[in-house]
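Only one structure is covered here, and it is reproduced in the block below.
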Amino acid sequence: MASDGKETNGLTIGWAGFGVLWRKPMATVYVHKTRYSKHIFNHAKYYSICFMDQEHKNQLGYFGRVSGRDKNKMEKCGMAVNNEDVAPYFEESSV
């Protein structure tokens, strides 16, 4: 999930990598250039990666089916977005 200062959006990501680089934890996510969220990620200084428990399977499916281009997914998903840290995240996320 990311915010460019004007818009906040998230998406379900199927391709990512996690590891340690120079003794620091790191994550790499791959967002295709045709995804609506791509322009937000390009302009955001930070983004969050939210890991959700099985109970949020329907919301994750919604994020995979619906584009932020068509609907405000953040309002319609039924989860609470916390914007108090450097990057927005779902309060319901387990990690």
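Chain lettering (A, B, ...) mirrors the order of the structure tokens, residue numbering begins at 1 for each chain separately, and ligand numbering begins at 1 in order of display.
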Contacts of range 65-79 of chain A at 10 Å (only C-alpha atoms; same-chain gap of 4+ positions) as a ChimeraX atom specification: /A:1,7-12,35-37,56,58-61,89-93
Would you list the contacts of Thr28 in chain A as a list in words, taking every protein, DNA or RNA residue within 7 Å and counting only C-alpha atoms, but skipping same-chain residues closer than 3 positions in sequence? Ala16, Gly17 and Phe18 of chain A
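Between CA of Ile49 in chain A and CA of Pro88 in chain A the interatomic distance comes to 9.5 Å.
Distance annotation: of A:Ala80, A:Ile13, A:Val31, A:Cys50, the residue with the minimal separation from Gly64 in chain A is A:Ile13; atom set is only C-alpha atoms.
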Would you please give, as a list in words, all residues of chain A that DSSP assigns to alpha helix (DSSP H) based on the backbone? Lys38, His39, Ile40, Phe41, Asn42, His43, Lys57, Asn58, Gln59, Leu60, Gly61, Tyr62, Phe63, Gly64, Arg65, Lys73, Met74, Glu75 and Lys76 of chain A
If you run DSSP over the backbone, which residues in chain A end up strand (DSSP E)? Put them as number ranges by chain. A: 2-3, 8-9, 16-21, 24-29, 81-82, 89-90
Kindly export the residues of the current selection with N, CA and C atoms, as an mmCIF file, in the first residue's frame.
data_model
loop_
_atom_site.group_PDB
_atom_site.id
_atom_site.type_symbol
_atom_site.label_atom_id
_atom_site.label_comp_id
_atom_site.auth_asym_id
_atom_site.auth_seq_id
_atom_site.Cartn_x
_atom_site.Cartn_y
_atom_site.Cartn_z
ATOM 1 N N ALA A 2 0.485 2.258 -0.744
ATOM 2 C CA ALA A 2 1.288 3.469 -0.826
ATOM 3 C C ALA A 2 0.392 4.687 -0.961
ATOM 4 N N SER A 3 0.981 5.829 -0.667
ATOM 5 C CA SER A 3 0.290 7.100 -0.835
ATOM 6 C C SER A 3 1.261 8.078 -1.488
ATOM 7 N N THR A 8 -4.252 7.253 -1.917
ATOM 8 C CA THR A 8 -3.739 6.050 -1.266
ATOM 9 C C THR A 8 -4.382 4.857 -1.951
ATOM 10 N N ASN A 9 -3.595 3.865 -2.287
ATOM 11 C CA ASN A 9 -4.142 2.682 -2.931
ATOM 12 C C ASN A 9 -3.274 1.477 -2.596
ATOM 13 N N ALA A 16 7.152 -11.206 -5.243
ATOM 14 C CA ALA A 16 7.942 -10.443 -4.278
ATOM 15 C C ALA A 16 9.156 -11.270 -3.864
ATOM 16 N N GLY A 17 10.120 -10.599 -3.298
ATOM 17 C CA GLY A 17 11.296 -11.271 -2.770
ATOM 18 C C GLY A 17 11.668 -10.679 -1.424
ATOM 19 N N PHE A 18 12.089 -11.526 -0.508
ATOM 20 C CA PHE A 18 12.458 -11.096 0.840
ATOM 21 C C PHE A 18 13.806 -11.693 1.187
ATOM 22 N N GLY A 19 14.592 -10.961 1.939
ATOM 23 C CA GLY A 19 15.884 -11.494 2.329
ATOM 24 C C GLY A 19 16.655 -10.507 3.178
ATOM 25 N N VAL A 20 17.957 -10.682 3.183
ATOM 26 C CA VAL A 20 18.861 -9.813 3.933
ATOM 27 C C VAL A 20 19.934 -9.346 2.965
ATOM 28 N N LEU A 21 20.184 -8.058 2.959
ATOM 29 C CA LEU A 21 21.188 -7.466 2.100
ATOM 30 C C LEU A 21 22.051 -6.563 2.961
ATOM 31 N N LYS A 24 20.857 -6.138 6.473
ATOM 32 C CA LYS A 24 19.607 -5.406 6.688
ATOM 33 C C LYS A 24 18.480 -6.161 5.996
ATOM 34 N N PRO A 25 17.323 -6.281 6.670
ATOM 35 C CA PRO A 25 16.192 -6.944 6.008
ATOM 36 C C PRO A 25 15.737 -6.113 4.811
ATOM 37 N N MET A 26 15.349 -6.799 3.748
ATOM 38 C CA MET A 26 14.891 -6.095 2.560
ATOM 39 C C MET A 26 13.745 -6.840 1.910
ATOM 40 N N ALA A 27 12.979 -6.093 1.146
ATOM 41 C CA ALA A 27 11.874 -6.668 0.384
ATOM 42 C C ALA A 27 11.841 -5.991 -0.976
ATOM 43 N N THR A 28 11.519 -6.768 -1.976
ATOM 44 C CA THR A 28 11.350 -6.252 -3.325
ATOM 45 C C THR A 28 9.980 -6.691 -3.810
ATOM 46 N N VAL A 29 9.201 -5.768 -4.325
ATOM 47 C CA VAL A 29 7.901 -6.118 -4.897
ATOM 48 C C VAL A 29 7.893 -5.710 -6.360
ATOM 49 N N VAL A 81 -7.503 1.808 7.433
ATOM 50 C CA VAL A 81 -6.200 2.258 6.956
ATOM 51 C C VAL A 81 -5.613 3.207 7.988
ATOM 52 N N ASN A 82 -4.395 2.911 8.413
ATOM 53 C CA ASN A 82 -3.693 3.766 9.359
ATOM 54 C C ASN A 82 -2.661 4.573 8.577
ATOM 55 N N TYR A 89 -0.951 1.657 6.126
ATOM 56 C CA TYR A 89 -1.049 0.203 6.249
ATOM 57 C C TYR A 89 -2.421 -0.149 6.822
ATOM 58 N N PHE A 90 -2.813 -1.406 6.655
ATOM 59 C CA PHE A 90 -4.073 -1.888 7.228
ATOM 60 C C PHE A 90 -3.847 -2.265 8.688
#
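Candidate residues A:Ser48, A:Asn42, A:Thr34, A:Ser94 were compared for distance to Asp4 in chain A, and the nearest is A:Asn42, using only C-alpha atoms.
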